[in-house]
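What follows is the content of input_8.cif (mmCIF, C-alpha atoms and all ligand atoms).
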data_coords
loop_
_atom_site.label_atom_id
_atom_site.label_comp_id
_atom_site.auth_asym_id
_atom_site.auth_seq_id
_atom_site.Cartn_x
_atom_site.Cartn_y
_atom_site.Cartn_z
CA MET L 1139 67.40 97.27 15.96
CA THR L 1140 68.25 96.87 19.64
CA THR L 1141 70.17 93.71 20.47
CA LEU L 1142 71.20 92.48 23.90
CA LEU L 1143 73.67 89.90 25.22
CA ILE L 1144 71.44 87.62 27.28
CA ASN L 1145 72.54 84.53 29.20
CA SER L 1146 69.05 83.37 30.17
CA ILE L 1147 65.48 84.42 30.87
CA TYR L 1148 63.47 82.38 33.36
CA ARG L 1149 60.69 82.53 35.90
CA ALA L 1150 61.67 81.74 39.48
CA THR L 1151 61.20 82.82 43.07
CA GLU L 1152 63.53 85.47 44.45
CA GLY L 1153 65.99 83.55 46.60
CA GLU L 1154 67.79 86.31 48.52
CA GLY L 1155 67.53 89.82 49.90
CA ILE L 1156 64.45 91.57 51.24
CA HIS L 1157 62.20 90.43 48.38
CA ILE L 1158 62.91 86.76 49.12
CA GLY L 1159 60.00 84.48 48.27
CA ILE L 1160 58.42 86.65 45.55
CA PRO L 1161 58.01 85.07 42.09
CA GLN L 1162 59.48 87.10 39.25
CA ILE L 1163 61.08 86.88 35.84
CA PHE L 1164 64.86 87.01 35.73
CA VAL L 1165 66.65 88.51 32.75
CA ARG L 1166 70.31 87.55 33.10
CA PHE L 1167 72.77 89.54 30.98
CA GLN L 1168 75.80 87.80 29.53
CA GLY L 1169 79.20 89.42 30.18
CA CYS L 1170 81.04 90.50 33.32
CA HIS L 1171 84.59 91.75 33.87
CA ILE L 1172 84.36 92.20 37.64
CA GLY L 1173 85.85 88.81 38.56
CA CYS L 1174 84.60 87.90 42.06
CA VAL L 1175 86.56 84.74 42.91
CA ASN L 1176 83.55 83.10 44.59
CA CYS L 1177 81.14 84.01 41.76
CA ASP L 1178 78.46 81.35 41.33
CA THR L 1179 77.64 82.35 37.73
CA LYS L 1180 81.05 82.25 36.04
CA GLU L 1181 79.37 80.97 32.88
CA SER L 1182 78.00 84.51 32.47
CA TRP L 1183 81.42 86.21 32.31
CA GLU L 1184 82.27 86.02 28.62
CA PHE L 1185 81.01 88.76 26.29
CA ASP L 1186 80.11 86.13 23.72
CA PRO L 1187 78.16 87.41 20.70
CA SER L 1188 76.46 84.03 20.30
CA TYR L 1189 74.24 85.13 23.22
CA THR L 1190 72.77 87.99 21.19
CA LYS L 1191 68.97 88.40 21.23
CA SER L 1192 66.78 91.10 19.80
CA LEU L 1193 64.71 93.23 22.16
CA ASP L 1194 61.58 91.75 20.59
CA GLU L 1195 62.78 88.22 21.39
CA VAL L 1196 63.55 89.18 24.98
CA MET L 1197 60.15 90.81 25.47
CA GLU L 1198 58.36 87.87 23.90
CA GLN L 1199 60.05 85.48 26.35
CA VAL L 1200 59.30 87.76 29.30
CA GLU L 1201 55.63 88.09 28.31
CA THR L 1202 55.28 84.32 27.78
CA LEU L 1203 56.70 83.63 31.24
CA SER L 1204 54.66 86.42 32.81
CA GLN L 1205 51.27 85.36 31.40
CA ASN L 1206 50.28 88.87 32.46
CA ILE L 1207 50.24 87.60 36.05
CA ILE L 1208 53.83 88.05 37.27
CA LYS L 1209 54.61 91.67 36.55
CA ARG L 1210 58.04 91.80 38.17
CA VAL L 1211 61.40 91.55 36.42
CA SER L 1212 64.82 91.28 38.01
CA ILE L 1213 67.67 92.29 35.71
CA THR L 1214 70.83 90.50 36.72
CA GLY L 1215 74.02 89.09 35.27
CA GLY L 1216 76.81 88.89 34.55
CA ASP L 1217 77.16 92.62 34.96
CA PRO L 1218 74.12 94.35 33.43
CA LEU L 1219 75.73 97.72 34.26
CA HIS L 1220 78.85 97.15 32.17
CA PRO L 1221 79.14 100.22 29.89
CA SER L 1222 78.75 98.10 26.75
CA HIS L 1223 75.30 96.95 27.97
CA ILE L 1224 73.91 100.37 28.89
CA PRO L 1225 72.26 101.41 25.59
CA SER L 1226 70.42 98.08 25.20
CA LEU L 1227 69.65 97.94 28.93
CA LEU L 1228 67.97 101.35 28.74
CA ASP L 1229 65.86 100.18 25.79
CA LEU L 1230 64.83 97.07 27.74
CA ILE L 1231 63.89 99.12 30.81
CA LYS L 1232 61.85 101.51 28.68
CA GLU L 1233 59.92 98.61 27.14
CA LEU L 1234 59.33 96.87 30.47
CA LYS L 1235 58.07 100.09 32.03
CA ALA L 1236 55.73 100.70 29.12
CA ARG L 1237 54.21 97.27 29.78
CA GLY L 1238 53.79 97.90 33.51
CA TYR L 1239 56.57 95.77 35.02
CA PHE L 1240 58.17 96.44 38.39
CA ILE L 1241 61.91 96.43 37.67
CA ASN L 1242 64.69 95.45 40.04
CA ILE L 1243 68.33 95.66 38.97
CA GLU L 1244 71.21 93.79 40.59
CA ALA L 1245 74.19 96.16 40.83
CA ALA L 1246 77.65 94.75 41.54
CA GLY L 1247 78.64 97.75 43.67
CA THR L 1248 81.30 98.96 41.27
CA ARG L 1249 79.29 101.62 39.42
CA VAL L 1250 76.49 104.09 40.05
CA VAL L 1251 74.74 104.52 36.69
CA LYS L 1252 72.33 107.41 37.08
CA GLU L 1253 70.48 107.00 33.79
CA VAL L 1254 69.64 103.41 34.74
CA PHE L 1255 69.05 103.86 38.49
CA ASP L 1256 66.68 106.79 37.91
CA GLN L 1257 64.47 104.59 35.71
CA VAL L 1258 64.15 101.36 37.72
CA ASP L 1259 61.91 100.68 40.71
CA PHE L 1260 64.48 99.04 42.95
CA ILE L 1261 68.26 98.60 43.12
CA SER L 1262 70.07 95.83 44.93
CA TYR L 1263 73.59 97.15 45.47
CA ASP L 1264 76.47 94.88 46.49
CA VAL L 1265 79.18 95.61 48.99
CA LYS L 1266 81.98 93.32 47.88
CA THR L 1267 83.69 91.66 50.83
CA PRO L 1268 87.37 90.53 51.03
CA SER L 1269 86.56 86.91 50.08
CA THR L 1270 85.39 88.13 46.64
CA GLN L 1271 88.78 89.82 46.06
CA VAL L 1272 86.85 92.75 44.56
CA ARG L 1273 86.68 96.10 46.30
CA THR L 1274 83.59 98.29 46.69
CA SER L 1275 84.47 101.96 47.10
CA LYS L 1276 82.96 103.23 50.35
CA GLU L 1277 82.76 106.71 48.86
CA LEU L 1278 80.74 105.36 45.91
CA LEU L 1279 78.53 103.41 48.32
CA LEU L 1280 77.86 106.59 50.26
CA LYS L 1281 76.96 108.48 47.10
CA PHE L 1282 74.64 105.63 46.09
CA ILE L 1283 72.85 105.69 49.45
CA GLN L 1284 72.53 109.48 49.41
CA ASP L 1285 70.76 109.33 46.06
CA TYR L 1286 68.87 106.01 46.09
CA ALA L 1287 68.24 104.84 49.68
CA HIS L 1288 64.48 105.24 49.12
CA LYS L 1289 64.45 102.35 46.64
CA ALA L 1290 67.41 100.15 47.49
CA GLN L 1291 68.95 97.42 49.58
CA ILE L 1292 72.61 96.76 50.28
CA LYS L 1293 73.77 93.14 50.08
CA ALA L 1294 77.06 91.59 51.14
CA VAL L 1295 78.11 87.98 50.73
CA VAL L 1296 79.86 86.85 53.91
CA ALA L 1297 82.21 83.87 53.95
CA ASP L 1298 83.98 84.46 57.28
CA LYS L 1299 84.61 86.87 60.15
CA LYS L 1300 86.83 89.08 57.99
CA ASP L 1301 83.96 89.56 55.54
CA PHE L 1302 81.59 90.37 58.39
CA GLU L 1303 84.01 92.97 59.72
CA ALA L 1304 84.33 94.56 56.27
CA ALA L 1305 80.53 94.87 56.01
CA TYR L 1306 80.44 96.26 59.57
CA ASP L 1307 83.10 98.81 58.66
CA ALA L 1308 81.25 99.90 55.49
CA PHE L 1309 77.98 100.17 57.42
CA HIS L 1310 79.53 102.48 60.01
CA PHE L 1311 81.35 104.57 57.41
CA VAL L 1312 78.03 105.27 55.71
CA LYS L 1313 76.08 105.73 58.94
CA ALA L 1314 78.57 108.32 60.21
CA ALA L 1315 78.06 110.43 57.09
CA ASN L 1316 74.43 109.91 56.21
CA ASP L 1317 71.11 109.36 57.95
CA ASN L 1318 69.31 107.73 55.05
CA GLN L 1319 67.79 104.43 56.04
CA VAL L 1320 68.44 101.52 53.73
CA PRO L 1321 68.10 97.79 54.49
CA TRP L 1322 71.41 95.92 54.72
CA CYS L 1323 71.37 92.15 54.09
CA LEU L 1324 74.17 89.73 54.81
CA THR L 1325 74.17 86.63 52.64
CA PRO L 1326 76.16 83.73 54.12
CA CYS L 1327 78.24 82.33 51.25
CA PHE L 1328 76.97 79.00 49.84
CA GLU L 1329 79.49 77.91 47.22
CA PRO L 1330 78.87 75.68 44.22
CA GLY L 1331 79.39 72.01 44.99
CA GLU L 1332 79.36 72.27 48.78
CA ALA L 1333 76.86 70.88 51.28
CA PHE L 1334 74.69 73.37 53.15
CA PRO L 1335 77.23 75.46 55.13
CA MET L 1336 75.51 75.32 58.51
CA ASN L 1337 78.59 76.38 60.49
CA ARG L 1338 79.17 79.42 58.28
CA PHE L 1339 75.53 80.39 58.50
CA GLN L 1340 75.60 80.10 62.31
CA LEU L 1341 78.78 82.19 62.48
CA VAL L 1342 77.18 85.04 60.52
CA VAL L 1343 73.98 84.91 62.57
CA GLN L 1344 75.93 84.88 65.83
CA LEU L 1345 78.26 87.72 64.80
CA ASN L 1346 75.25 89.81 63.82
CA GLU L 1347 73.60 89.13 67.17
CA LYS L 1348 76.81 89.91 69.04
CA PHE L 1349 77.41 93.21 67.28
CA GLY L 1350 73.76 94.19 67.58
CA LEU L 1351 73.62 95.69 64.11
CA PRO L 1352 70.59 96.28 61.93
CA PHE L 1353 71.76 93.72 59.38
CA ARG L 1354 69.31 91.13 58.21
CA VAL L 1355 70.91 87.73 57.65
CA ILE L 1356 69.15 86.17 54.67
CA GLY L 1357 70.49 83.05 52.96
CA GLN L 1358 70.13 81.98 49.36
CA GLN L 1359 66.87 80.07 49.63
CA HIS L 1360 66.96 78.76 46.04
CA LYS L 1361 70.14 76.84 46.89
CA TRP L 1362 68.45 75.07 49.81
CA VAL L 1363 65.45 74.22 47.68
CA TYR L 1364 67.23 73.04 44.52
CA GLY L 1365 70.89 72.58 45.56
CA PRO L 1366 73.81 74.97 45.02
CA ASP L 1367 74.56 73.97 41.42
CA VAL L 1368 71.17 74.18 39.74
CA LYS L 1369 70.83 77.18 37.41
CA SER L 1370 67.82 79.32 36.50
CA VAL L 1371 65.88 78.61 39.68
S1 LIG L 1401 79.68 90.78 39.62
FE1 LIG L 1401 78.30 89.02 39.74
S2 LIG L 1401 78.59 87.90 37.80
FE2 LIG L 1401 80.28 89.33 37.99
S3 LIG L 1401 81.91 88.12 38.96
FE3 LIG L 1401 80.83 89.16 40.63
S4 LIG L 1401 79.24 87.72 41.31
FE4 LIG L 1401 79.97 87.01 39.28
#

Just give me the structure of the file as structure tokens.
Amino acid sequence: MTTLLINSIYRATEGEGIHIGIPQIFVRFQGCHIGCVNCDTKESWEFDPSYTKSLDEVMEQVETLSQNIIKRVSITGGDPLHPSHIPSLLDLIKELKARGYFINIEAAGTRVVKEVFDQVDFISYDVKTPSTQVRTSKELLLKFIQDYAHKAQIKAVVADKKDFEAAYDAFHFVKAANDNQVPWCLTPCFEPGEAFPMNRFQLVVQLNEKFGLPFRVIGQQHKWVYGPDVKSV
């Protein structure tokens, strides 16, 4: 029997990236070893077996939330691409596809997992910026774009000018080596517990205008609507 480590399953409206504003069902895996210091879902880090669910339970929750109306699922985490999740993740994807769901996966930018990426409809791939204290390999990013630009976006959380410059640098590294077009989104950081960071948002918008790049600056809408600390929205 397939079992999965699942933090939560909920219906909400996509709050960031190019699909912002679209209702979907989120399946959040439990367990992540990547360790971004500004992670806003630290409660999903532990590989805790008490979060185990059967595939049938997961699908039942998804179908109940969907009501056969919302046929989009975003698989997120935690780190759904951690090697220990892959067998159960592939079973989940197979079942969702069989029932006609559009599947997005949130990739932390630390792995390209061909057997997963080939199966899903869309991949949101992170470029980790210096403020996360996690590094995204530019060579891996390039390989990802070469293979999956047709169904992907690149996202980078930006806390300051140094983060912007790191995203700028990664963008130009890829552009110099590859012509594939892929949307790049900058997400101004909105940390748990803080008031809306208007100055940070303005800095990112103004840097993007100044550098004239094809970045789209898209904030985390769900945090404006519900506040930065509310989960599963
Ligand atoms: S990859 Fe995601 S869940 Fe893991 S630490 Fe980074 S932001 Fe948090």

Please find the residues contacting ligand LIG 1401 (chain L) at a distance of at most 10 Å between atoms, with all atoms listed in the file counted, and report them as a PDB file with C-alpha atoms, keeping the file's coordinate frame.
ATOM      1  CA  ARG L1166      70.310  87.550  33.100  1.00  0.00           C
ATOM      2  CA  PHE L1167      72.770  89.540  30.980  1.00  0.00           C
ATOM      3  CA  GLN L1168      75.800  87.800  29.530  1.00  0.00           C
ATOM      4  CA  GLY L1169      79.200  89.420  30.180  1.00  0.00           C
ATOM      5  CA  CYS L1170      81.040  90.500  33.320  1.00  0.00           C
ATOM      6  CA  HIS L1171      84.590  91.750  33.870  1.00  0.00           C
ATOM      7  CA  ILE L1172      84.360  92.200  37.640  1.00  0.00           C
ATOM      8  CA  GLY L1173      85.850  88.810  38.560  1.00  0.00           C
ATOM      9  CA  CYS L1174      84.600  87.900  42.060  1.00  0.00           C
ATOM     10  CA  VAL L1175      86.560  84.740  42.910  1.00  0.00           C
ATOM     11  CA  ASN L1176      83.550  83.100  44.590  1.00  0.00           C
ATOM     12  CA  CYS L1177      81.140  84.010  41.760  1.00  0.00           C
ATOM     13  CA  ASP L1178      78.460  81.350  41.330  1.00  0.00           C
ATOM     14  CA  THR L1179      77.640  82.350  37.730  1.00  0.00           C
ATOM     15  CA  LYS L1180      81.050  82.250  36.040  1.00  0.00           C
ATOM     16  CA  GLU L1181      79.370  80.970  32.880  1.00  0.00           C
ATOM     17  CA  SER L1182      78.000  84.510  32.470  1.00  0.00           C
ATOM     18  CA  TRP L1183      81.420  86.210  32.310  1.00  0.00           C
ATOM     19  CA  THR L1214      70.830  90.500  36.720  1.00  0.00           C
ATOM     20  CA  GLY L1215      74.020  89.090  35.270  1.00  0.00           C
ATOM     21  CA  GLY L1216      76.810  88.890  34.550  1.00  0.00           C
ATOM     22  CA  ASP L1217      77.160  92.620  34.960  1.00  0.00           C
ATOM     23  CA  PRO L1218      74.120  94.350  33.430  1.00  0.00           C
ATOM     24  CA  LEU L1219      75.730  97.720  34.260  1.00  0.00           C
ATOM     25  CA  HIS L1220      78.850  97.150  32.170  1.00  0.00           C
ATOM     26  CA  GLU L1244      71.210  93.790  40.590  1.00  0.00           C
ATOM     27  CA  ALA L1245      74.190  96.160  40.830  1.00  0.00           C
ATOM     28  CA  ALA L1246      77.650  94.750  41.540  1.00  0.00           C
ATOM     29  CA  GLY L1247      78.640  97.750  43.670  1.00  0.00           C
ATOM     30  CA  THR L1248      81.300  98.960  41.270  1.00  0.00           C
ATOM     31  CA  ASP L1264      76.470  94.880  46.490  1.00  0.00           C
ATOM     32  CA  LYS L1266      81.980  93.320  47.880  1.00  0.00           C
ATOM     33  CA  THR L1270      85.390  88.130  46.640  1.00  0.00           C
ATOM     34  CA  GLN L1271      88.780  89.820  46.060  1.00  0.00           C
ATOM     35  CA  VAL L1272      86.850  92.750  44.560  1.00  0.00           C
ATOM     36  CA  VAL L1295      78.110  87.980  50.730  1.00  0.00           C
TER      37      VAL L1295
END

Env of stretch 1304-1314 of chain L: 12 Å cut, atoms = all atoms listed in the file, seq-sep filter 4 positions within chain, self excluded. Answer as an mmCIF file with C-alpha atoms, keeping the file's coordinate frame.
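Contents of out.cif, freshly written:
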data_model
loop_
_atom_site.group_PDB
_atom_site.id
_atom_site.type_symbol
_atom_site.label_atom_id
_atom_site.label_comp_id
_atom_site.auth_asym_id
_atom_site.auth_seq_id
_atom_site.Cartn_x
_atom_site.Cartn_y
_atom_site.Cartn_z
ATOM 1 C CA ASP L 1264 76.470 94.880 46.490
ATOM 2 C CA VAL L 1265 79.180 95.610 48.990
ATOM 3 C CA LYS L 1266 81.980 93.320 47.880
ATOM 4 C CA THR L 1267 83.690 91.660 50.830
ATOM 5 C CA PRO L 1268 87.370 90.530 51.030
ATOM 6 C CA SER L 1269 86.560 86.910 50.080
ATOM 7 C CA THR L 1270 85.390 88.130 46.640
ATOM 8 C CA ARG L 1273 86.680 96.100 46.300
ATOM 9 C CA THR L 1274 83.590 98.290 46.690
ATOM 10 C CA SER L 1275 84.470 101.960 47.100
ATOM 11 C CA LYS L 1276 82.960 103.230 50.350
ATOM 12 C CA GLU L 1277 82.760 106.710 48.860
ATOM 13 C CA LEU L 1278 80.740 105.360 45.910
ATOM 14 C CA LEU L 1279 78.530 103.410 48.320
ATOM 15 C CA LEU L 1280 77.860 106.590 50.260
ATOM 16 C CA LYS L 1281 76.960 108.480 47.100
ATOM 17 C CA PHE L 1282 74.640 105.630 46.090
ATOM 18 C CA ILE L 1283 72.850 105.690 49.450
ATOM 19 C CA GLN L 1284 72.530 109.480 49.410
ATOM 20 C CA ALA L 1287 68.240 104.840 49.680
ATOM 21 C CA ILE L 1292 72.610 96.760 50.280
ATOM 22 C CA LYS L 1293 73.770 93.140 50.080
ATOM 23 C CA ALA L 1294 77.060 91.590 51.140
ATOM 24 C CA VAL L 1295 78.110 87.980 50.730
ATOM 25 C CA VAL L 1296 79.860 86.850 53.910
ATOM 26 C CA ALA L 1297 82.210 83.870 53.950
ATOM 27 C CA ASP L 1298 83.980 84.460 57.280
ATOM 28 C CA LYS L 1299 84.610 86.870 60.150
ATOM 29 C CA LYS L 1300 86.830 89.080 57.990
ATOM 30 C CA ASN L 1318 69.310 107.730 55.050
ATOM 31 C CA GLN L 1319 67.790 104.430 56.040
ATOM 32 C CA VAL L 1320 68.440 101.520 53.730
ATOM 33 C CA PRO L 1321 68.100 97.790 54.490
ATOM 34 C CA TRP L 1322 71.410 95.920 54.720
ATOM 35 C CA CYS L 1323 71.370 92.150 54.090
ATOM 36 C CA LEU L 1324 74.170 89.730 54.810
ATOM 37 C CA THR L 1325 74.170 86.630 52.640
ATOM 38 C CA VAL L 1342 77.180 85.040 60.520
ATOM 39 C CA LEU L 1345 78.260 87.720 64.800
ATOM 40 C CA ASN L 1346 75.250 89.810 63.820
ATOM 41 C CA LYS L 1348 76.810 89.910 69.040
ATOM 42 C CA PHE L 1349 77.410 93.210 67.280
ATOM 43 C CA GLY L 1350 73.760 94.190 67.580
ATOM 44 C CA LEU L 1351 73.620 95.690 64.110
ATOM 45 C CA PRO L 1352 70.590 96.280 61.930
ATOM 46 C CA PHE L 1353 71.760 93.720 59.380
#

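Checking L:Ile1224, L:Tyr1148, L:Asp1367, L:Ile1156 one by one against L:Val1355, counting all atoms listed in the file, you find the shortest gap at L:Ile1156.
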
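Atom CA of L:Thr1190 is found 21.5 Å from atom CA of L:Ile1241.
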
- request: Extract, using only C-alpha atoms, all DNA, RNA and protein residues at most 9 Å from L:Leu1203, discarding same-chain residues fewer than 5 positions from it, and format them as an NGL selection string.
  value: :L and (1147-1149 or 1163 or 1198 or 1208)

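Remark: for L:His1360, the closest of the candidate residues L:Pro1335, L:Phe1255, L:Leu1142, L:Ile1158 is L:Ile1158 (distances computed over all atoms listed in the file).
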
- request: Using atom CA of L:Pro1187 and atom CA of L:Leu1228 as the two end points, give the distance in Å to one decimal.
  value: 19.0 Å

Nearest candidate to L:Ser1212 (options L:Arg1338, L:His1157, L:Lys1191, L:Arg1249; using only C-alpha atoms):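 Using only C-alpha atoms, L:Ser1212 sits closest to L:His1157.
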
- request: Report the distance between atom CA of L:Ala1290 and atom CA of L:Tyr1239 in Å, rounded to one decimal place.
  value: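 These two atoms are separated by 17.1 Å.
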
Output, as JSON, the centre and edge lengths in Å (one decimal) of the axis-aligned box that contains all listed atoms of stretch 1245-1257 of chain L with 3 Å of margin on each side.
{"center_x": 72.9, "center_y": 101.1, "center_z": 38.7, "size_x": 22.8, "size_y": 18.7, "size_z": 15.9}

- prompt: Which is closer to L:Arg1210 than all the others in L:Tyr1189, L:Val1363, L:Gln1162, L:His1223, using only C-alpha atoms?
  reply: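 Closest to L:Arg1210 of all the choices is L:Gln1162.
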
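Nearest to L:Pro1330 of all the residues L:Gln1358, L:Gln1199, L:Thr1151, L:Asn1316 is L:Gln1358, based on all atoms listed in the file.
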
Tell me, as a PDB file with C-alpha atoms, in the coordinates of the input, which residues lie within 10 Å of L:Gln1359, counting only C-alpha atoms; anything in the same chain fewer than 5 positions away does not count.
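The new file selection_25.pdb reads:
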ATOM      1  CA  THR L1151      61.200  82.820  43.070  1.00  0.00           C
ATOM      2  CA  GLU L1152      63.530  85.470  44.450  1.00  0.00           C
ATOM      3  CA  GLY L1153      65.990  83.550  46.600  1.00  0.00           C
ATOM      4  CA  GLU L1154      67.790  86.310  48.520  1.00  0.00           C
ATOM      5  CA  GLY L1155      67.530  89.820  49.900  1.00  0.00           C
ATOM      6  CA  ILE L1158      62.910  86.760  49.120  1.00  0.00           C
ATOM      7  CA  GLY L1159      60.000  84.480  48.270  1.00  0.00           C
ATOM      8  CA  TYR L1364      67.230  73.040  44.520  1.00  0.00           C
ATOM      9  CA  GLY L1365      70.890  72.580  45.560  1.00  0.00           C
ATOM     10  CA  PRO L1366      73.810  74.970  45.020  1.00  0.00           C
TER      11      PRO L1366
END
